[in-house]
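K.L.:
Just start_21.cif, nothing more (mmCIF, C-alpha atoms):
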data_query
loop_
_atom_site.label_atom_id
_atom_site.label_comp_id
_atom_site.auth_asym_id
_atom_site.auth_seq_id
_atom_site.Cartn_x
_atom_site.Cartn_y
_atom_site.Cartn_z
CA MET A 16 120.08 -98.15 109.98
CA PRO A 17 117.95 -101.25 109.35
CA ALA A 18 114.91 -98.97 109.02
CA ALA A 19 116.72 -96.76 106.54
CA THR A 20 117.87 -99.79 104.60
CA ALA A 21 114.30 -101.14 104.45
CA SER A 22 112.99 -97.79 103.24
CA SER A 23 115.63 -97.65 100.55
CA SER A 24 114.83 -101.20 99.43
CA SER A 25 111.12 -100.42 99.28
CA SER A 26 111.75 -97.31 97.20
CA SER A 27 113.98 -99.24 94.84
CA TYR A 28 111.32 -101.97 94.50
CA HIS A 29 108.56 -99.50 93.57
CA HIS A 30 110.87 -97.73 91.11
CA HIS A 31 111.70 -100.95 89.30
CA HIS A 32 108.02 -102.11 89.44
CA ARG A 33 106.85 -98.91 87.74
CA ALA A 34 109.58 -99.26 85.15
CA ARG A 35 108.44 -102.80 84.38
CA LEU A 36 104.83 -101.60 84.04
CA ARG A 37 105.89 -98.85 81.64
CA PHE A 38 107.89 -101.38 79.64
CA ARG A 39 104.89 -103.70 79.40
CA ALA A 40 102.52 -100.82 78.50
CA VAL A 41 104.49 -99.83 75.41
CA PRO A 42 103.57 -102.93 73.36
CA LEU A 43 99.95 -102.69 74.55
CA ILE A 44 99.71 -99.10 73.33
CA LEU A 45 101.23 -100.10 69.99
CA VAL A 46 98.67 -102.90 69.62
CA VAL A 47 95.79 -100.48 70.31
CA VAL A 48 97.13 -97.92 67.82
CA PHE A 49 97.61 -100.60 65.16
CA THR A 50 94.07 -101.96 65.72
CA VAL A 51 92.53 -98.50 65.35
CA PHE A 52 94.52 -97.97 62.13
CA VAL A 53 93.33 -101.30 60.64
CA VAL A 54 89.67 -100.65 61.52
CA THR A 55 89.86 -97.15 60.01
CA GLU A 56 91.32 -98.46 56.77
CA LEU A 57 88.67 -101.17 56.53
CA LEU A 58 85.91 -98.59 56.93
CA ARG A 59 87.48 -96.41 54.24
CA ALA A 60 87.75 -99.37 51.88
CA SER A 61 84.09 -100.21 52.48
CA SER A 62 82.98 -96.67 51.62
CA ARG A 63 85.09 -96.67 48.45
CA SER A 64 83.60 -99.93 47.26
CA GLY A 65 80.32 -98.26 46.30
CA LEU A 66 78.39 -100.89 48.25
CA PRO A 67 77.20 -99.63 51.63
CA GLY A 68 77.50 -102.07 54.48
CA SER A 69 73.71 -102.08 54.51
CA ALA A 70 73.72 -103.86 51.16
CA ARG A 71 75.46 -106.93 52.52
CA ARG A 72 73.33 -109.80 53.73
CA VAL A 73 73.47 -110.84 57.34
CA GLY A 74 75.06 -114.23 57.81
CA SER A 75 76.52 -114.37 54.32
CA SER A 76 80.14 -115.42 53.98
CA SER A 77 80.26 -114.34 50.35
CA SER A 78 80.29 -110.84 48.92
CA SER A 79 78.76 -112.16 45.71
CA PRO A 80 75.53 -110.35 44.81
CA ALA A 81 73.92 -113.70 44.12
CA SER A 82 74.70 -115.31 47.48
CA ALA A 83 72.30 -115.92 50.35
CA ASN A 84 69.16 -115.12 48.40
CA HIS A 85 66.94 -116.16 51.29
CA SER A 86 68.67 -114.41 54.19
CA VAL A 87 67.60 -111.08 55.63
CA ALA A 88 69.07 -107.93 54.06
CA GLN A 89 69.60 -104.88 56.24
CA ARG A 90 67.60 -101.82 55.23
CA LYS A 91 69.92 -99.00 56.32
CA ILE A 92 71.27 -96.86 53.47
CA LEU A 93 73.75 -94.02 53.17
CA LEU A 94 72.20 -90.59 52.67
CA ASP A 95 73.81 -87.33 51.63
CA PRO A 96 73.01 -84.86 54.45
CA SER A 97 73.56 -81.92 52.10
CA PHE A 98 70.61 -82.91 49.88
CA THR A 99 67.04 -82.01 50.85
CA PRO A 100 64.44 -84.05 48.96
CA ARG A 101 61.59 -82.00 47.50
CA LEU A 102 58.46 -83.47 46.00
CA PRO A 103 55.89 -81.54 43.95
CA ARG A 104 52.70 -80.43 45.69
CA GLN A 105 50.16 -83.09 44.79
CA THR A 106 46.99 -82.46 42.81
CA PRO A 107 43.64 -83.91 43.94
CA LEU A 108 44.02 -86.74 41.40
CA SER A 109 47.57 -87.42 42.57
CA LEU A 110 46.41 -87.60 46.18
CA SER A 111 43.57 -89.98 45.34
CA LEU A 112 46.00 -92.28 43.53
CA SER A 113 48.35 -92.22 46.52
CA GLU A 114 45.43 -93.47 48.62
CA ARG A 115 44.85 -96.31 46.16
CA ASN A 116 48.51 -97.25 46.46
CA ALA A 117 47.87 -98.19 50.09
CA LEU A 118 45.10 -100.67 49.27
CA PRO A 119 45.89 -104.37 49.84
CA PRO A 120 46.25 -106.77 46.91
CA ARG A 121 43.08 -108.06 45.28
CA ASN A 122 42.22 -111.75 44.85
CA ALA A 123 43.81 -112.66 48.18
CA ASP A 124 40.69 -114.67 48.97
CA ARG A 125 41.28 -116.87 45.91
CA PHE A 126 45.08 -117.04 46.42
CA PRO A 127 45.46 -116.72 50.20
CA SER A 128 49.13 -117.63 50.53
CA LEU A 129 52.32 -117.14 48.56
CA PRO A 130 54.60 -120.21 48.85
CA ASP A 131 58.27 -120.19 49.77
CA GLY A 132 60.43 -119.60 46.73
CA HIS A 133 57.81 -117.53 44.96
CA LEU A 134 58.72 -114.53 42.83
CA LYS A 135 57.01 -111.19 42.86
CA ILE A 136 56.34 -109.75 39.41
CA VAL A 137 56.23 -106.04 38.59
CA LEU A 138 54.54 -105.02 35.35
CA TYR A 139 55.13 -101.35 34.54
CA VAL A 140 52.77 -99.70 32.09
CA HIS A 141 51.92 -96.36 30.48
CA ASN A 142 48.98 -96.03 28.06
CA ARG A 143 48.99 -98.74 25.42
CA PRO A 144 45.83 -100.74 26.22
CA HIS A 145 46.04 -103.00 23.14
CA TYR A 146 49.53 -104.04 24.28
CA LEU A 147 48.46 -104.51 27.87
CA ARG A 148 45.62 -106.84 26.91
CA LEU A 149 48.09 -109.11 25.11
CA VAL A 150 50.48 -109.14 28.07
CA VAL A 151 47.71 -109.87 30.57
CA ASP A 152 46.43 -112.69 28.36
CA SER A 153 49.93 -114.15 28.14
CA LEU A 154 50.35 -113.93 31.93
CA SER A 155 47.07 -115.76 32.45
CA ARG A 156 48.58 -118.76 30.62
CA VAL A 157 51.82 -118.87 32.63
CA GLU A 158 52.32 -122.03 34.70
CA GLY A 159 52.55 -121.15 38.39
CA ILE A 160 51.27 -117.58 38.02
CA GLY A 161 48.79 -118.17 40.85
CA GLU A 162 51.76 -118.43 43.25
CA ALA A 163 52.95 -114.89 42.49
CA LEU A 164 52.02 -111.38 43.57
CA LEU A 165 51.60 -109.24 40.45
CA ILE A 166 52.29 -105.54 41.04
CA VAL A 167 51.17 -103.26 38.22
CA SER A 168 52.87 -99.85 38.26
CA HIS A 169 51.06 -97.15 36.27
CA ASP A 170 52.76 -94.07 34.82
CA GLY A 171 49.85 -91.68 35.25
CA TYR A 172 46.17 -92.57 35.28
CA PHE A 173 44.34 -93.83 32.20
CA PRO A 174 40.86 -95.33 32.76
CA GLU A 175 41.14 -98.02 30.09
CA MET A 176 44.46 -99.25 31.50
CA ASP A 177 42.95 -99.28 34.98
CA LYS A 178 39.94 -101.28 33.79
CA ILE A 179 42.12 -103.96 32.16
CA VAL A 180 44.10 -104.48 35.35
CA GLN A 181 40.94 -104.51 37.46
CA GLY A 182 39.84 -107.52 35.43
CA ILE A 183 42.84 -109.70 36.35
CA ASP A 184 41.64 -112.76 38.28
CA PHE A 185 44.43 -115.34 37.93
CA CYS A 186 46.67 -114.23 40.83
CA GLN A 187 47.02 -111.71 43.62
CA VAL A 188 47.33 -108.27 42.03
CA LYS A 189 48.17 -104.87 43.45
CA GLN A 190 48.12 -101.58 41.56
CA ILE A 191 50.39 -98.65 42.29
CA PHE A 192 50.24 -95.30 40.52
CA ALA A 193 53.21 -92.93 40.20
CA PRO A 194 51.71 -89.91 42.02
CA TYR A 195 54.33 -87.52 40.61
CA SER A 196 53.98 -88.59 36.99
CA PRO A 197 54.15 -85.61 34.60
CA HIS A 198 50.88 -86.90 33.13
CA LEU A 199 49.07 -85.94 36.37
CA PHE A 200 50.25 -82.32 36.37
CA PRO A 201 48.72 -80.51 33.36
CA ASP A 202 49.91 -77.02 34.32
CA SER A 203 52.74 -77.40 36.81
CA PHE A 204 56.02 -79.26 37.22
CA PRO A 205 56.73 -82.09 36.55
CA GLY A 206 54.14 -81.50 33.82
CA VAL A 207 54.11 -78.48 31.52
CA THR A 208 54.75 -75.34 33.53
CA PRO A 209 53.72 -71.90 32.23
CA GLY A 210 56.87 -70.00 31.34
CA ASP A 211 58.94 -73.08 30.57
CA CYS A 212 61.28 -72.93 27.61
CA GLN A 213 60.30 -75.08 24.64
CA SER A 214 62.41 -76.99 22.15
CA LYS A 215 65.61 -75.00 21.54
CA ASP A 216 64.47 -71.70 23.10
CA LYS A 217 67.17 -69.41 24.47
CA ALA A 218 66.17 -68.68 28.06
CA LYS A 219 67.59 -65.14 28.13
CA GLU A 220 66.09 -64.16 24.78
CA LYS A 221 62.65 -65.67 25.46
CA GLY A 222 62.54 -64.87 29.15
CA CYS A 223 61.60 -68.50 29.87
CA GLN A 224 62.87 -70.97 32.46
CA GLY A 225 64.59 -74.31 32.11
CA ASP A 226 67.97 -75.91 31.54
CA PRO A 227 68.68 -77.34 28.06
CA ASP A 228 70.28 -80.72 27.60
CA GLN A 229 73.69 -81.24 26.00
CA TYR A 230 72.12 -80.79 22.55
CA GLY A 231 70.34 -77.54 23.38
CA ASN A 232 66.88 -79.07 23.80
CA HIS A 233 64.61 -78.23 26.74
CA ARG A 234 62.67 -80.82 28.69
CA SER A 235 59.61 -82.61 27.35
CA PRO A 236 57.35 -83.93 30.15
CA ARG A 237 56.17 -86.96 28.17
CA ILE A 238 59.79 -87.90 27.46
CA VAL A 239 61.19 -87.49 30.98
CA SER A 240 58.27 -89.52 32.36
CA LEU A 241 60.01 -92.72 31.16
CA LYS A 242 62.95 -92.39 33.50
CA HIS A 243 60.95 -90.83 36.34
CA HIS A 244 58.45 -93.69 36.37
CA TRP A 245 61.05 -96.44 36.35
CA TRP A 246 63.05 -94.85 39.17
CA TRP A 247 59.97 -94.04 41.29
CA MET A 248 58.74 -97.62 40.76
CA MET A 249 62.03 -99.20 41.79
CA ASN A 250 62.27 -97.13 44.96
CA THR A 251 58.63 -97.81 45.80
CA VAL A 252 58.70 -101.55 45.15
CA TRP A 253 61.87 -102.14 47.15
CA ASP A 254 61.54 -99.55 49.92
CA GLY A 255 57.98 -98.22 50.05
CA MET A 256 55.55 -101.15 50.09
CA GLU A 257 54.31 -103.30 52.94
CA GLU A 258 53.94 -106.26 50.58
CA THR A 259 57.66 -106.24 49.72
CA GLY A 260 59.19 -104.73 52.85
CA ASP A 261 60.36 -108.06 54.29
CA PHE A 262 60.92 -109.77 50.95
CA ASP A 263 64.54 -110.52 50.09
CA GLY A 264 63.98 -112.83 47.15
CA HIS A 265 64.03 -111.91 43.48
CA ILE A 266 61.54 -109.54 41.91
CA LEU A 267 60.83 -109.97 38.20
CA PHE A 268 60.26 -106.82 36.12
CA ILE A 269 58.36 -106.79 32.82
CA GLU A 270 56.81 -104.10 30.59
CA GLU A 271 53.50 -103.77 28.81
CA ASP A 272 55.11 -104.79 25.50
CA HIS A 273 56.72 -108.00 26.80
CA TYR A 274 54.89 -111.17 25.82
CA ILE A 275 55.42 -113.72 28.58
CA PHE A 276 55.71 -117.41 27.63
CA PRO A 277 53.89 -120.17 29.58
CA ASN A 278 57.22 -121.49 30.94
CA ALA A 279 58.52 -118.08 32.08
CA TYR A 280 57.72 -118.33 35.79
CA ARG A 281 59.11 -121.84 36.28
CA ASN A 282 62.19 -121.04 34.20
CA ALA A 283 62.77 -117.90 36.27
CA GLN A 284 62.55 -119.92 39.49
CA LEU A 285 65.05 -122.43 38.12
CA LEU A 286 67.47 -119.66 37.14
CA VAL A 287 67.20 -118.02 40.56
CA ASP A 288 67.99 -121.34 42.26
CA LEU A 289 70.89 -122.09 39.91
CA LYS A 290 72.48 -118.64 39.97
CA PRO A 291 74.44 -118.98 43.25
CA LYS A 292 75.87 -122.33 42.15
CA LYS A 293 76.33 -121.89 38.42
CA CYS A 294 77.12 -118.17 38.18
CA PRO A 295 77.91 -116.62 41.59
CA GLN A 296 79.22 -113.50 39.83
CA CYS A 297 75.87 -112.92 38.12
CA TYR A 298 73.78 -110.05 39.39
CA ALA A 299 70.42 -111.06 37.93
CA VAL A 300 68.49 -113.49 35.77
CA ASN A 301 66.83 -112.74 32.44
CA LEU A 302 63.97 -114.30 30.51
CA ALA A 303 65.41 -113.26 27.15
CA PRO A 304 68.71 -112.32 25.49
CA SER A 305 69.95 -108.74 25.76
CA ASP A 306 69.49 -108.54 21.99
CA VAL A 307 65.73 -108.02 21.88
CA LYS A 308 65.51 -109.53 18.38
CA SER A 309 67.19 -112.78 19.37
CA LYS A 310 65.23 -115.94 20.16
CA GLY A 311 68.27 -117.48 21.86
CA GLU A 312 71.07 -119.72 20.69
CA GLY A 313 69.41 -123.08 21.32
CA TRP A 314 72.53 -124.40 23.07
CA GLU A 315 72.41 -127.09 25.73
CA SER A 316 73.88 -124.69 28.26
CA LEU A 317 72.98 -121.70 30.35
CA VAL A 318 74.15 -118.30 29.19
CA ALA A 319 75.69 -115.47 31.22
CA GLU A 320 75.78 -112.15 29.41
CA LYS A 321 75.08 -108.44 29.75
CA MET A 322 71.87 -107.77 31.69
CA GLY A 323 68.97 -107.19 29.31
CA ASN A 324 65.80 -105.16 29.77
CA ILE A 325 63.26 -107.92 29.01
CA GLY A 326 62.09 -109.95 31.98
CA TYR A 327 64.93 -109.20 34.40
CA ALA A 328 64.96 -110.22 38.06
CA PHE A 329 67.31 -109.36 40.93
CA ASN A 330 67.25 -109.27 44.73
CA ARG A 331 67.55 -106.59 47.41
CA THR A 332 71.34 -106.85 47.60
CA VAL A 333 71.61 -105.79 43.97
CA TRP A 334 69.00 -103.07 44.51
CA ARG A 335 71.13 -101.60 47.29
CA LYS A 336 74.07 -101.39 44.88
CA ILE A 337 71.86 -99.65 42.33
CA HIS A 338 70.36 -97.30 44.91
CA ALA A 339 73.85 -96.30 46.04
CA LYS A 340 74.37 -94.91 42.52
CA ALA A 341 71.34 -92.61 42.65
CA LYS A 342 73.42 -89.49 42.00
CA PRO A 343 75.05 -90.64 38.74
CA PHE A 344 71.76 -92.19 37.63
CA CYS A 345 69.88 -88.93 38.16
CA ALA A 346 72.63 -86.69 36.76
CA PHE A 347 73.24 -88.50 33.45
CA ASP A 348 71.78 -86.64 30.46
CA GLU A 349 69.75 -89.54 29.05
CA TYR A 350 65.99 -89.97 29.24
CA ASN A 351 66.02 -93.77 28.92
CA TRP A 352 66.46 -95.60 32.21
CA ASP A 353 68.06 -98.68 30.63
CA ILE A 354 70.67 -96.75 28.66
CA THR A 355 71.44 -94.78 31.82
CA MET A 356 72.06 -98.06 33.67
CA TRP A 357 74.26 -99.50 30.92
CA ALA A 358 76.31 -96.33 30.42
CA THR A 359 76.77 -95.15 34.02
CA VAL A 360 75.52 -97.40 36.82
CA TYR A 361 76.64 -100.88 35.78
CA PRO A 362 80.16 -99.78 34.73
CA SER A 363 80.63 -98.17 38.15
CA PHE A 364 80.30 -101.57 39.85
CA GLY A 365 83.84 -102.39 38.73
CA THR A 366 83.11 -105.85 37.31
CA PRO A 367 80.99 -107.04 34.37
CA VAL A 368 77.30 -107.10 35.27
CA TYR A 369 76.31 -110.54 34.05
CA SER A 370 72.80 -111.94 34.04
CA LEU A 371 71.98 -115.64 33.85
CA ARG A 372 69.45 -116.91 31.30
CA GLY A 373 68.46 -119.96 29.33
CA PRO A 374 69.42 -120.69 25.72
CA ARG A 375 65.85 -120.03 24.57
CA ARG A 376 63.82 -116.94 25.38
CA SER A 377 60.85 -117.14 27.75
CA ALA A 378 59.64 -113.63 26.96
CA ALA A 379 59.60 -111.53 23.82
CA HIS A 380 59.39 -107.85 22.97
CA PHE A 381 56.60 -107.08 20.53
CA GLY A 382 55.05 -104.03 18.89
CA LYS A 383 56.64 -101.03 17.26
CA CYS A 384 55.38 -98.12 19.40
CA GLY A 385 57.68 -96.72 22.05
CA LEU A 386 56.34 -95.53 25.39
CA HIS A 387 56.69 -91.89 24.37
CA GLN A 388 54.65 -92.50 21.22
CA GLY A 389 51.39 -93.17 23.04
CA GLN A 390 48.19 -91.26 22.94
CA GLY A 391 48.14 -87.53 23.37
CA SER A 392 51.27 -86.80 21.35
CA SER A 393 51.47 -85.12 17.97
CA ASN A 394 53.06 -88.18 16.37
CA VAL A 395 50.75 -90.94 17.59
CA CYS A 396 52.08 -94.41 16.79
CA VAL A 397 49.46 -96.86 15.54
CA ASP A 398 50.01 -100.57 16.09
CA ASN A 399 47.30 -103.07 16.99
CA GLY A 400 49.87 -105.55 18.27
CA SER A 401 47.98 -108.51 16.79
CA GLY A 402 49.79 -111.79 16.19
CA ALA A 403 52.64 -110.68 18.41
CA VAL A 404 54.43 -113.95 19.13
CA GLU A 405 54.17 -117.52 17.86
CA LEU A 406 54.95 -120.15 20.48
CA GLU A 407 56.62 -123.50 19.93
CA GLY A 408 56.18 -126.61 22.04
CA ALA A 409 59.41 -125.95 23.96
CA ASP A 410 58.09 -122.54 25.03
CA LYS A 411 55.19 -124.06 26.94
CA VAL A 412 57.12 -126.17 29.48
CA PRO A 413 60.21 -125.51 31.63
CA ASN A 414 63.18 -126.07 29.36
CA ILE A 415 66.20 -125.39 31.58
CA LYS A 416 68.34 -128.32 32.76
CA VAL A 417 70.05 -128.14 36.14
CA ASP A 418 73.13 -130.01 34.92
CA TRP A 419 73.88 -127.64 32.05
CA PRO A 420 77.20 -125.75 32.09
CA VAL A 421 77.34 -121.97 31.72
CA ARG A 422 78.68 -120.16 28.67
CA ILE A 423 79.84 -116.64 29.44
CA ILE A 424 79.52 -114.08 26.66
CA GLN A 425 82.26 -111.69 27.68
CA ARG A 426 81.92 -109.32 24.75
CA GLN A 427 79.35 -106.75 25.86
CA GLU A 428 77.58 -105.23 22.90
CA GLY A 429 75.48 -102.08 22.90
CA TYR A 430 75.64 -99.05 25.20
CA GLN A 431 78.65 -98.95 27.50
CA ALA A 432 80.70 -96.60 29.66
CA GLY A 433 81.75 -93.56 27.66
CA PHE A 434 78.45 -93.10 25.84
CA LYS A 435 77.40 -89.51 26.51
CA GLY A 436 73.65 -90.07 26.28
CA TRP A 437 70.85 -89.06 23.92
CA GLY A 438 69.91 -86.09 26.08
CA GLY A 439 66.41 -85.08 27.12
CA TRP A 440 67.47 -84.95 30.78
CA GLY A 441 69.20 -81.61 31.23
CA ASP A 442 66.76 -79.74 33.46
CA ARG A 443 67.96 -79.52 37.05
CA ARG A 444 64.36 -79.89 38.30
CA ASP A 445 64.14 -83.38 36.78
CA ARG A 446 67.46 -84.34 38.29
CA GLU A 447 66.42 -83.11 41.74
CA LEU A 448 63.06 -84.87 41.54
CA CYS A 449 64.81 -88.07 40.51
CA LEU A 450 67.15 -87.84 43.49
CA SER A 451 64.22 -87.03 45.77
CA PHE A 452 62.63 -90.34 44.78
CA ALA A 453 65.73 -92.09 46.12
CA TYR A 454 65.29 -90.36 49.48
CA MET A 455 61.50 -90.21 49.91
CA TYR A 456 61.16 -93.46 51.89
CA HIS A 457 64.21 -92.78 54.05
CA VAL A 458 63.43 -89.32 55.47
CA LYS A 459 60.50 -88.42 57.70
CA ASP A 460 58.85 -85.71 55.64
CA PRO A 461 60.11 -84.78 52.16
CA SER A 462 59.21 -81.14 51.64
CA SER A 463 56.75 -80.10 48.92
CA THR A 464 57.63 -77.46 46.38
#
Can you dump the structure from the file as structure tokens?

P.N.:
Amino acid sequence: MPAATASSSSSSYHHHHRARLRFRAVPLILVVVFTVFVVTELLRASSRSGLPGSARRVGSSSSSPASANHSVAQRKILLDPSFTPRLPRQTPLSLSLSERNALPPRNADRFPSLPDGHLKIVLYVHNRPHYLRLVVDSLSRVEGIGEALLIVSHDGYFPEMDKIVQGIDFCQVKQIFAPYSPHLFPDSFPGVTPGDCQSKDKAKEKGCQGDPDQYGNHRSPRIVSLKHHWWWMMNTVWDGMEETGDFDGHILFIEEDHYIFPNAYRNAQLLVDLKPKKCPQCYAVNLAPSDVKSKGEGWESLVAEKMGNIGYAFNRTVWRKIHAKAKPFCAFDEYNWDITMWATVYPSFGTPVYSLRGPRRSAAHFGKCGLHQGQGSSNVCVDNGSGAVELEGADKVPNIKVDWPVRIIQRQEGYQAGFKGWGGWGDRRDRELCLSFAYMYHVKDPSST
């Protein structure tokens, strides 16, 4: 009997012990399920935000695009596995230019080091040598220019433009040439392809190839080159160059018809330093108002307004946000890159895309010839660009005060969401090439067509 009683007691003990374990396991299981649910929802929210996790800076406690300018940005991006990038088969000239793209910067012996806090400057050009000479001359007079790396991005190859840049001796300079520029392909895509439809041709009636834009017009290689060059340049500068691969500061972008004032570099540095404190919601800094005809308000305050296209600078965090919008950028039927950004990319960020600038311009647009009105077209634009800009004393020295407040111009004039575009970008081949540029530095071997 005692043995039986002991056995019964032991059985009862184990039964109750297992029951207690099951009772304790229920809350633990609920905690695990709840944790998995929360993590899943956070990942979904991150993917919906339009900003891949790779665009956030390591060690930053702020999601502001202006925060932690000097920390290290991750390089991983999100790719669409259903898209296969295809690049045109290169011509001998295109291949030779690609080889030049790999050359190190010149003048490194005269300017052996780039100091902390320096800006890199990208000057993108086409074929307006009289404009370029003025811009290069203005850059040579900029205070601090010897601290910068100047990257000149060429849309095509034009000997006179090349010669002008080869003569730059006031800073480190590196040339890159868009190897898939339509100007390098005289008888194949992305240049003029035999059998392509022209103007308002009807493909079925003419037996030609091509997709018309929303207005019925077929592609013009010299027109589409504007958007192709800008997008190729951005992807190359941020993701395809050894000189910028580990650089997470701001890169300043200017064009061959932007006259740069002597105080531009120092003012840009001041704006970059002030942006996280004065305007943490700002995405960029600008050297001039978004209204290209404006000289500035002359206020004793900084100004935050719509990002302009004259002397704009942003960092890798902002580039990752832009790169994440490659599909809408490449699909929008508009041949101008800046209008595409204003009408599609910036509105998709969900908040106003402000840029911080001073109350006086430090750069000015000059000339009357557009990029697509250069040499080789039937309607050549003639403008010698002489007497482009008159400088005042305040334009020659840094004129931004660190204690100034910020005035926000909330009313955003000009192109906005809802604008349907001027067209010129309806051919699917241009859209696919554009998207391929966004992928070319992130896949092992983009196929050639």

K.L.:
Please list as a PDB file with C-alpha atoms, in the frame of the given file every residue within 7 Å of segment 421-432 of chain A, counting all atoms listed in the file and excluding residues in the same chain fewer than 5 positions away.

P.N.:
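The result, stored in out_16.pdb:
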ATOM      1  CA  LYS A 293      76.330-121.890  38.420  1.00  0.00           C
ATOM      2  CA  SER A 316      73.880-124.690  28.260  1.00  0.00           C
ATOM      3  CA  LEU A 317      72.980-121.700  30.350  1.00  0.00           C
ATOM      4  CA  VAL A 318      74.150-118.300  29.190  1.00  0.00           C
ATOM      5  CA  ALA A 319      75.690-115.470  31.220  1.00  0.00           C
ATOM      6  CA  GLU A 320      75.780-112.150  29.410  1.00  0.00           C
ATOM      7  CA  LYS A 321      75.080-108.440  29.750  1.00  0.00           C
ATOM      8  CA  ILE A 354      70.670 -96.750  28.660  1.00  0.00           C
ATOM      9  CA  TRP A 357      74.260 -99.500  30.920  1.00  0.00           C
ATOM     10  CA  ALA A 358      76.310 -96.330  30.420  1.00  0.00           C
ATOM     11  CA  THR A 359      76.770 -95.150  34.020  1.00  0.00           C
ATOM     12  CA  PRO A 362      80.160 -99.780  34.730  1.00  0.00           C
TER      13      PRO A 362
END

K.L.:
Counting all atoms listed in the file, which residue out of A:Asp184, A:Glu349, A:Asp442, A:Glu315 sits closest to Phe126 of chain A?

P.N.:
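Looking at the shortest contact to Phe126 of chain A, the residue is A:Asp184.
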
K.L.:
In Å, rounded to a single decimal, give me how far atom CA of Asp228 of chain A is from atom CA of Lys215 of chain A.

P.N.:
9.6 Å

K.L.:
Considering only C-alpha atoms, state which residue in the set A:Phe434, A:Tyr230, A:Tyr172, A:Tyr327 is at the smallest distance from Arg143 of chain A.

P.N.:
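Nearest to Arg143 of chain A: A:Tyr172.
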
K.L.:
Using the chain letters and residue numbers of this document, give as a list of chain:residue names the residues selected by the PyMOL selection byres ((chain A and resi 255) around 12).

P.N.:
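With the shown file as input, the PyMOL selection byres ((chain A and resi 255) around 12) matches A:Arg90, A:Ser113, A:Asn116, A:Ala117, A:Ile191, A:Trp247, A:Met248, A:Met249, A:Asn250, A:Thr251, A:Val252, A:Trp253, A:Asp254, A:Met256, A:Glu257, A:Glu258, A:Thr259, A:Gly260, A:Asp261, A:Phe262, A:Phe452, A:Ala453, A:Tyr454, A:Met455, A:Tyr456, A:His457, A:Val458.
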
K.L.:
Identify all residues satisfying the PyMOL selection byres ((chain A and resi 440) around 9) in the given file; provide them as an mmCIF file with C-alpha atoms, in the coordinates of the input.

P.N.:
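Contents of the output file selection_2.cif:
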data_model
loop_
_atom_site.group_PDB
_atom_site.id
_atom_site.type_symbol
_atom_site.label_atom_id
_atom_site.label_comp_id
_atom_site.auth_asym_id
_atom_site.auth_seq_id
_atom_site.Cartn_x
_atom_site.Cartn_y
_atom_site.Cartn_z
ATOM 1 C CA PRO A 227 68.680 -77.340 28.060
ATOM 2 C CA ASP A 228 70.280 -80.720 27.600
ATOM 3 C CA GLN A 229 73.690 -81.240 26.000
ATOM 4 C CA HIS A 233 64.610 -78.230 26.740
ATOM 5 C CA ARG A 234 62.670 -80.820 28.690
ATOM 6 C CA SER A 235 59.610 -82.610 27.350
ATOM 7 C CA ILE A 238 59.790 -87.900 27.460
ATOM 8 C CA VAL A 239 61.190 -87.490 30.980
ATOM 9 C CA CYS A 345 69.880 -88.930 38.160
ATOM 10 C CA ALA A 346 72.630 -86.690 36.760
ATOM 11 C CA PHE A 347 73.240 -88.500 33.450
ATOM 12 C CA ASP A 348 71.780 -86.640 30.460
ATOM 13 C CA GLU A 349 69.750 -89.540 29.050
ATOM 14 C CA TYR A 350 65.990 -89.970 29.240
ATOM 15 C CA TRP A 437 70.850 -89.060 23.920
ATOM 16 C CA GLY A 438 69.910 -86.090 26.080
ATOM 17 C CA GLY A 439 66.410 -85.080 27.120
ATOM 18 C CA GLY A 441 69.200 -81.610 31.230
ATOM 19 C CA ASP A 442 66.760 -79.740 33.460
ATOM 20 C CA ARG A 443 67.960 -79.520 37.050
ATOM 21 C CA ASP A 445 64.140 -83.380 36.780
ATOM 22 C CA ARG A 446 67.460 -84.340 38.290
#
